[in-house]
Amino acid sequence: MGVKGKSFPILELKHQKLIPLSAENVWPDGAKCSVCFTFDLDAEWVFQGNHPEVAEMPRRLSQGEYVWNARIIPRLLDLFDEHDLKTTFFVVGMNAKNHPEVMQEIVSRGHEIATHGWKHEDIVGVGREEEERRLLMSVDAIESATGVKPVGNSIAGGEISPHSHDILAENGFIYDSSLRGSDLPYKLENGLVIVPSYYEMDDFHLFADYPGYAAYYARMMSPEVGWEIWTNAFDGYHRYGLCYTTMFHPQIIGKPGNMMLLDRLINYIKKHPDVWIATAEEIARHWNTL
Ligand SMILES: [Zn+2]
């Protein structure tokens with residue numbers, strides 16, 4: 001269906017009803033707020049899903065291949081080990097298929113892998129059957145590499161479709177991290193938990209520099225801008241007892257200078273003793289117990 005004067009379709013999303021909960025006493029062991037470090041492992045697929053011509057652009061592709069060549073994932077995992085914390089990686093299916101050994105390392109070191117599109121493509125309009133087929137290809141790639149079936153998802157490369165949440169629930173997923181409809185997790189009518197994430201916590205919006213993509217062209221900020229936004233946000237989430245979820249990308253946050261910023265941010269958060277740092281899966285499972 002369309003709207004007068006507009007050519008784009010209106011998505012009629014189901015399951016939008018929130019089940020509201022107050023932010024008091026919702027976190028385990030008396031924690032005041034939760035912190036969920038998530039990383040979208042897009043690498044060279046960040047634009048290819050919607051712009052196949054990128055496959056012929058070696059310089060742009062190399063900004064994603066950087067993740068593998070510079071061994072950014074082990075660099076991140078070493079930092080998490082130093083801080084004794086577990087995180088969630090939303091992985092593009094093709095990356096799981098092409099780099100099974102990296103997937104194994106993520107899981108063997110205690111972190112969660114969840115789905116993030118087959119090729120980081122917009123799935124709106126592909127149809128329910130095709131959307132499900134692509135999701136299951138991602139599930140297979142992750143499960144074959146790690147032996148662990150993903151239970152979480154974050155939509156890549158565009159909007160969610162009217163079918164996305166039903167497809168996820170019917171295939172054993174317990175949460176989705178694609179919506180931004182609250183500061184706390186919330187439950188949809190079909191039982192799926194939403195672990196919301198926020199653009200203010202997206203490193204791409206601060207530090208990505210992809211010539212040719214207007215939205216990500218030469219927007220390099222000082223690390224201090226990231227520090228101010230992310231610590232100021234944390235102070236607010238902590239004050240109000242909410243769920244602080246990052247939306248970082250290994251190819252951005254894993255650059256050497258940005259690793260220093262990430263280390264500083266983790267140290268800042270850990271100075272607060274009453275914070276529950278958990279994976280998105282742990283947060284969703286906890287939410288299901290409330
Ligand atoms: Zn992504």
# chains A, B, ... in the order shown; residues from 1 in each chain; ligands from 1
>>> residues_near_ligand(ligand="ligand 1", cutoff="6 Å", atoms="only C-alpha atoms and all ligand atoms", output="list in words")
Asp40, Asp42, Val46 and Ala156 of chain A
>>> residues_around(residues="segment 204-217 of chain A", least_positions_apart="3", cutoff="12 Å", atoms="only C-alpha atoms", output="NGL selection string")
:A and (39-40 or 42 or 44 or 46-47 or 51 or 53-54 or 57 or 59-64 or 198-201 or 220-230 or 246-255 or 257-258 or 261)
>>> write_last_selection(atoms="N, CA and C atoms", output="short mmCIF file (atom, residue, chain, number, x, y, z; two decimals), in the first residue's frame")
data_model
loop_
_atom_site.label_atom_id
_atom_site.label_comp_id
_atom_site.auth_asym_id
_atom_site.auth_seq_id
_atom_site.Cartn_x
_atom_site.Cartn_y
_atom_site.Cartn_z
N PHE A 39 28.73 -5.53 18.85
CA PHE A 39 29.60 -5.19 17.72
C PHE A 39 28.99 -5.77 16.45
N ASP A 40 28.75 -4.92 15.47
CA ASP A 40 28.24 -5.39 14.18
C ASP A 40 29.45 -5.76 13.32
N ASP A 42 30.45 -6.35 10.25
CA ASP A 42 30.07 -6.13 8.84
C ASP A 42 31.25 -6.37 7.90
N GLU A 44 33.77 -6.25 5.05
CA GLU A 44 33.65 -5.73 3.67
C GLU A 44 32.22 -5.77 3.13
N VAL A 46 29.73 -4.18 4.52
CA VAL A 46 28.96 -3.08 5.08
C VAL A 46 28.13 -2.36 4.03
N PHE A 47 28.65 -2.22 2.81
CA PHE A 47 27.87 -1.57 1.75
C PHE A 47 27.50 -2.52 0.61
N HIS A 51 24.82 -2.33 -2.40
CA HIS A 51 25.57 -1.70 -3.50
C HIS A 51 26.58 -2.71 -4.05
N GLU A 53 28.11 -2.95 -6.65
CA GLU A 53 29.25 -2.38 -7.40
C GLU A 53 30.49 -2.23 -6.51
N VAL A 54 30.29 -2.25 -5.20
CA VAL A 54 31.43 -2.12 -4.27
C VAL A 54 32.40 -3.28 -4.45
N MET A 57 35.41 -2.33 -6.15
CA MET A 57 36.11 -1.17 -5.60
C MET A 57 37.09 -1.62 -4.52
N ARG A 59 39.65 -0.42 -3.07
CA ARG A 59 40.06 0.47 -1.98
C ARG A 59 38.99 0.52 -0.90
N ARG A 60 37.75 0.61 -1.33
CA ARG A 60 36.65 0.66 -0.35
C ARG A 60 36.50 -0.69 0.37
N LEU A 61 36.61 -1.76 -0.43
CA LEU A 61 36.52 -3.10 0.17
C LEU A 61 37.59 -3.31 1.22
N SER A 62 38.77 -2.74 0.96
CA SER A 62 39.89 -2.97 1.87
C SER A 62 39.62 -2.37 3.25
N GLN A 63 38.73 -1.38 3.32
CA GLN A 63 38.39 -0.82 4.63
C GLN A 63 37.64 -1.84 5.48
N GLY A 64 37.00 -2.81 4.81
CA GLY A 64 36.35 -3.90 5.55
C GLY A 64 37.28 -5.07 5.75
N TYR A 198 20.99 2.10 20.04
CA TYR A 198 20.75 3.52 19.76
C TYR A 198 21.84 4.09 18.88
N TYR A 199 21.47 5.00 18.00
CA TYR A 199 22.45 5.60 17.09
C TYR A 199 23.48 6.45 17.83
N GLU A 200 23.13 6.97 18.99
CA GLU A 200 24.13 7.74 19.74
C GLU A 200 25.30 6.86 20.16
N MET A 201 25.06 5.54 20.17
CA MET A 201 26.10 4.60 20.57
C MET A 201 26.77 3.94 19.36
N MET A 220 35.30 12.46 10.41
CA MET A 220 36.19 12.08 11.49
C MET A 220 36.11 13.06 12.66
N MET A 221 35.79 12.54 13.82
CA MET A 221 35.69 13.37 15.03
C MET A 221 36.88 13.07 15.93
N SER A 222 37.09 13.97 16.85
CA SER A 222 38.08 13.71 17.89
C SER A 222 37.57 12.55 18.77
N PRO A 223 38.48 11.71 19.25
CA PRO A 223 38.04 10.66 20.20
C PRO A 223 37.33 11.27 21.41
N GLU A 224 37.67 12.51 21.72
CA GLU A 224 37.03 13.14 22.89
C GLU A 224 35.53 13.34 22.66
N VAL A 225 35.12 13.48 21.40
CA VAL A 225 33.69 13.60 21.11
C VAL A 225 33.00 12.28 21.48
N GLY A 226 33.62 11.16 21.07
CA GLY A 226 33.08 9.85 21.44
C GLY A 226 33.05 9.68 22.95
N TRP A 227 34.13 10.07 23.58
CA TRP A 227 34.22 9.96 25.04
C TRP A 227 33.08 10.73 25.70
N GLU A 228 32.85 11.95 25.25
CA GLU A 228 31.80 12.79 25.86
C GLU A 228 30.42 12.19 25.62
N ILE A 229 30.15 11.77 24.39
CA ILE A 229 28.81 11.23 24.08
C ILE A 229 28.57 9.93 24.86
N TRP A 230 29.55 9.04 24.84
CA TRP A 230 29.32 7.70 25.40
C TRP A 230 29.36 7.69 26.92
N THR A 246 25.74 -0.67 23.24
CA THR A 246 26.56 -0.04 22.20
C THR A 246 26.22 -0.63 20.83
N MET A 247 26.58 0.10 19.79
CA MET A 247 26.42 -0.41 18.42
C MET A 247 27.74 -0.13 17.70
N PHE A 248 28.79 -0.80 18.19
CA PHE A 248 30.12 -0.55 17.63
C PHE A 248 30.40 -1.50 16.46
N HIS A 249 31.43 -1.17 15.69
CA HIS A 249 31.82 -1.95 14.53
C HIS A 249 33.32 -2.24 14.60
N PRO A 250 33.73 -3.50 14.52
CA PRO A 250 35.16 -3.82 14.64
C PRO A 250 36.05 -3.00 13.70
N GLN A 251 35.57 -2.70 12.47
CA GLN A 251 36.43 -1.97 11.54
C GLN A 251 36.61 -0.51 11.93
N ILE A 252 35.79 -0.02 12.87
CA ILE A 252 35.90 1.37 13.33
C ILE A 252 36.50 1.40 14.74
N ILE A 253 35.84 0.74 15.67
CA ILE A 253 36.29 0.81 17.07
C ILE A 253 37.60 0.05 17.25
N GLY A 254 37.90 -0.87 16.30
CA GLY A 254 39.12 -1.67 16.42
C GLY A 254 40.37 -0.99 15.91
N LYS A 255 40.25 0.21 15.34
CA LYS A 255 41.46 0.95 14.93
C LYS A 255 42.26 1.26 16.20
N GLY A 257 43.83 3.72 17.69
CA GLY A 257 43.46 4.84 18.56
C GLY A 257 42.09 4.65 19.20
N ASN A 258 41.16 4.10 18.43
CA ASN A 258 39.81 3.91 18.98
C ASN A 258 39.79 2.81 20.04
N LEU A 261 40.22 4.43 23.20
CA LEU A 261 38.96 5.03 23.65
C LEU A 261 38.04 3.96 24.25
#
>>> atom_distance(atom1="atom CA of Val124 of chain A", atom2="atom CA of Ser164 of chain A")
9.1 Å
>>> residues_around(residues="segment 286-290 of chain A", least_positions_apart="2", cutoff="12 Å", atoms="only C-alpha atoms", output="PDB file with N, CA and C atoms, in the first residue's frame")
ATOM      1  N   ILE A  19       5.184  -4.275  26.472  1.00  0.00           N
ATOM      2  CA  ILE A  19       4.733  -4.674  27.798  1.00  0.00           C
ATOM      3  C   ILE A  19       5.574  -3.842  28.762  1.00  0.00           C
ATOM      4  N   PRO A  20       5.028  -2.743  29.263  1.00  0.00           N
ATOM      5  CA  PRO A  20       5.869  -1.815  30.014  1.00  0.00           C
ATOM      6  C   PRO A  20       6.272  -2.351  31.383  1.00  0.00           C
ATOM      7  N   LEU A  21       7.480  -2.025  31.770  1.00  0.00           N
ATOM      8  CA  LEU A  21       7.970  -2.372  33.105  1.00  0.00           C
ATOM      9  C   LEU A  21       8.677  -1.143  33.632  1.00  0.00           C
ATOM     10  N   SER A  22       8.612  -0.925  34.918  1.00  0.00           N
ATOM     11  CA  SER A  22       9.356   0.196  35.475  1.00  0.00           C
ATOM     12  C   SER A  22      10.827  -0.201  35.553  1.00  0.00           C
ATOM     13  N   ALA A  23      11.698   0.796  35.642  1.00  0.00           N
ATOM     14  CA  ALA A  23      13.127   0.503  35.659  1.00  0.00           C
ATOM     15  C   ALA A  23      13.630   0.156  37.048  1.00  0.00           C
ATOM     16  N   GLU A  24      12.725   0.044  38.013  1.00  0.00           N
ATOM     17  CA  GLU A  24      13.183  -0.260  39.369  1.00  0.00           C
ATOM     18  C   GLU A  24      13.298  -1.759  39.576  1.00  0.00           C
ATOM     19  N   ASN A  25      14.408  -2.154  40.116  1.00  0.00           N
ATOM     20  CA  ASN A  25      14.628  -3.554  40.494  1.00  0.00           C
ATOM     21  C   ASN A  25      14.447  -4.547  39.353  1.00  0.00           C
ATOM     22  N   VAL A  26      14.868  -4.172  38.167  1.00  0.00           N
ATOM     23  CA  VAL A  26      14.713  -5.115  37.055  1.00  0.00           C
ATOM     24  C   VAL A  26      15.999  -5.878  36.760  1.00  0.00           C
ATOM     25  N   TRP A  27      17.143  -5.441  37.323  1.00  0.00           N
ATOM     26  CA  TRP A  27      18.412  -6.085  36.960  1.00  0.00           C
ATOM     27  C   TRP A  27      18.866  -7.063  38.043  1.00  0.00           C
ATOM     28  N   PRO A  28      19.625  -8.087  37.679  1.00  0.00           N
ATOM     29  CA  PRO A  28      20.022  -9.123  38.648  1.00  0.00           C
ATOM     30  C   PRO A  28      20.947  -8.568  39.738  1.00  0.00           C
ATOM     31  N   ASP A  29      20.926  -9.215  40.873  1.00  0.00           N
ATOM     32  CA  ASP A  29      21.850  -8.934  41.981  1.00  0.00           C
ATOM     33  C   ASP A  29      21.866  -7.464  42.388  1.00  0.00           C
ATOM     34  N   SER A  34      22.060  -2.025  33.277  1.00  0.00           N
ATOM     35  CA  SER A  34      22.803  -3.038  32.529  1.00  0.00           C
ATOM     36  C   SER A  34      23.609  -2.361  31.426  1.00  0.00           C
ATOM     37  N   ILE A 174      15.162 -15.653  20.436  1.00  0.00           N
ATOM     38  CA  ILE A 174      14.498 -15.099  21.616  1.00  0.00           C
ATOM     39  C   ILE A 174      14.538 -13.579  21.648  1.00  0.00           C
ATOM     40  N   TYR A 175      15.425 -12.976  20.849  1.00  0.00           N
ATOM     41  CA  TYR A 175      15.442 -11.515  20.868  1.00  0.00           C
ATOM     42  C   TYR A 175      15.846 -10.928  19.523  1.00  0.00           C
ATOM     43  N   LEU A 184      14.675   0.563  27.843  1.00  0.00           N
ATOM     44  CA  LEU A 184      14.737  -0.755  28.477  1.00  0.00           C
ATOM     45  C   LEU A 184      14.365  -1.799  27.431  1.00  0.00           C
ATOM     46  N   PRO A 185      14.769  -3.053  27.640  1.00  0.00           N
ATOM     47  CA  PRO A 185      14.233  -4.096  26.774  1.00  0.00           C
ATOM     48  C   PRO A 185      12.704  -4.111  26.880  1.00  0.00           C
ATOM     49  N   TYR A 186      12.060  -4.631  25.861  1.00  0.00           N
ATOM     50  CA  TYR A 186      10.619  -4.804  25.928  1.00  0.00           C
ATOM     51  C   TYR A 186      10.225  -6.008  25.096  1.00  0.00           C
ATOM     52  N   LYS A 187       9.001  -6.468  25.366  1.00  0.00           N
ATOM     53  CA  LYS A 187       8.562  -7.714  24.760  1.00  0.00           C
ATOM     54  C   LYS A 187       7.498  -7.435  23.713  1.00  0.00           C
ATOM     55  N   LEU A 188       7.583  -8.126  22.590  1.00  0.00           N
ATOM     56  CA  LEU A 188       6.543  -8.027  21.578  1.00  0.00           C
ATOM     57  C   LEU A 188       5.459  -9.050  21.860  1.00  0.00           C
ATOM     58  N   GLY A 191       6.209 -12.701  21.790  1.00  0.00           N
ATOM     59  CA  GLY A 191       7.151 -13.250  22.761  1.00  0.00           C
ATOM     60  C   GLY A 191       8.598 -12.832  22.558  1.00  0.00           C
ATOM     61  N   LEU A 192       8.903 -12.263  21.406  1.00  0.00           N
ATOM     62  CA  LEU A 192      10.279 -11.843  21.130  1.00  0.00           C
ATOM     63  C   LEU A 192      10.637 -10.654  22.018  1.00  0.00           C
ATOM     64  N   VAL A 193      11.839 -10.701  22.615  1.00  0.00           N
ATOM     65  CA  VAL A 193      12.311  -9.565  23.422  1.00  0.00           C
ATOM     66  C   VAL A 193      13.074  -8.613  22.506  1.00  0.00           C
ATOM     67  N   ILE A 194      12.827  -7.339  22.646  1.00  0.00           N
ATOM     68  CA  ILE A 194      13.619  -6.329  21.941  1.00  0.00           C
ATOM     69  C   ILE A 194      14.692  -5.826  22.899  1.00  0.00           C
ATOM     70  N   VAL A 195      15.957  -5.988  22.506  1.00  0.00           N
ATOM     71  CA  VAL A 195      17.059  -5.359  23.252  1.00  0.00           C
ATOM     72  C   VAL A 195      17.440  -4.127  22.441  1.00  0.00           C
ATOM     73  N   CYS A 243      19.097   0.225  30.114  1.00  0.00           N
ATOM     74  CA  CYS A 243      19.915  -0.764  29.396  1.00  0.00           C
ATOM     75  C   CYS A 243      20.777  -0.032  28.360  1.00  0.00           C
ATOM     76  N   TRP A 276      25.454  -4.257  35.701  1.00  0.00           N
ATOM     77  CA  TRP A 276      25.462  -5.626  35.178  1.00  0.00           C
ATOM     78  C   TRP A 276      25.906  -5.582  33.721  1.00  0.00           C
ATOM     79  N   ALA A 278      26.515  -7.567  30.450  1.00  0.00           N
ATOM     80  CA  ALA A 278      26.004  -8.856  29.965  1.00  0.00           C
ATOM     81  C   ALA A 278      25.910  -8.858  28.446  1.00  0.00           C
ATOM     82  N   THR A 279      25.805 -10.058  27.885  1.00  0.00           N
ATOM     83  CA  THR A 279      25.541 -10.164  26.450  1.00  0.00           C
ATOM     84  C   THR A 279      24.064  -9.857  26.190  1.00  0.00           C
ATOM     85  N   ALA A 280      23.744  -9.586  24.937  1.00  0.00           N
ATOM     86  CA  ALA A 280      22.338  -9.322  24.597  1.00  0.00           C
ATOM     87  C   ALA A 280      21.479 -10.551  24.882  1.00  0.00           C
ATOM     88  N   GLU A 281      22.052 -11.744  24.655  1.00  0.00           N
ATOM     89  CA  GLU A 281      21.299 -12.970  24.955  1.00  0.00           C
ATOM     90  C   GLU A 281      20.991 -13.063  26.445  1.00  0.00           C
ATOM     91  N   GLU A 282      21.981 -12.766  27.285  1.00  0.00           N
ATOM     92  CA  GLU A 282      21.757 -12.833  28.738  1.00  0.00           C
ATOM     93  C   GLU A 282      20.684 -11.829  29.154  1.00  0.00           C
ATOM     94  N   ILE A 283      20.726 -10.642  28.552  1.00  0.00           N
ATOM     95  CA  ILE A 283      19.735  -9.620  28.901  1.00  0.00           C
ATOM     96  C   ILE A 283      18.336 -10.078  28.477  1.00  0.00           C
ATOM     97  N   ALA A 284      18.234 -10.641  27.276  1.00  0.00           N
ATOM     98  CA  ALA A 284      16.920 -11.102  26.802  1.00  0.00           C
ATOM     99  C   ALA A 284      16.398 -12.251  27.672  1.00  0.00           C
TER     100      ALA A 284
END
>>> closest_residue(among="A:Met94, A:Gly152, A:Gly181, A:Asp235", to="Ser138 of chain A", atoms="only C-alpha atoms")
A:Met94
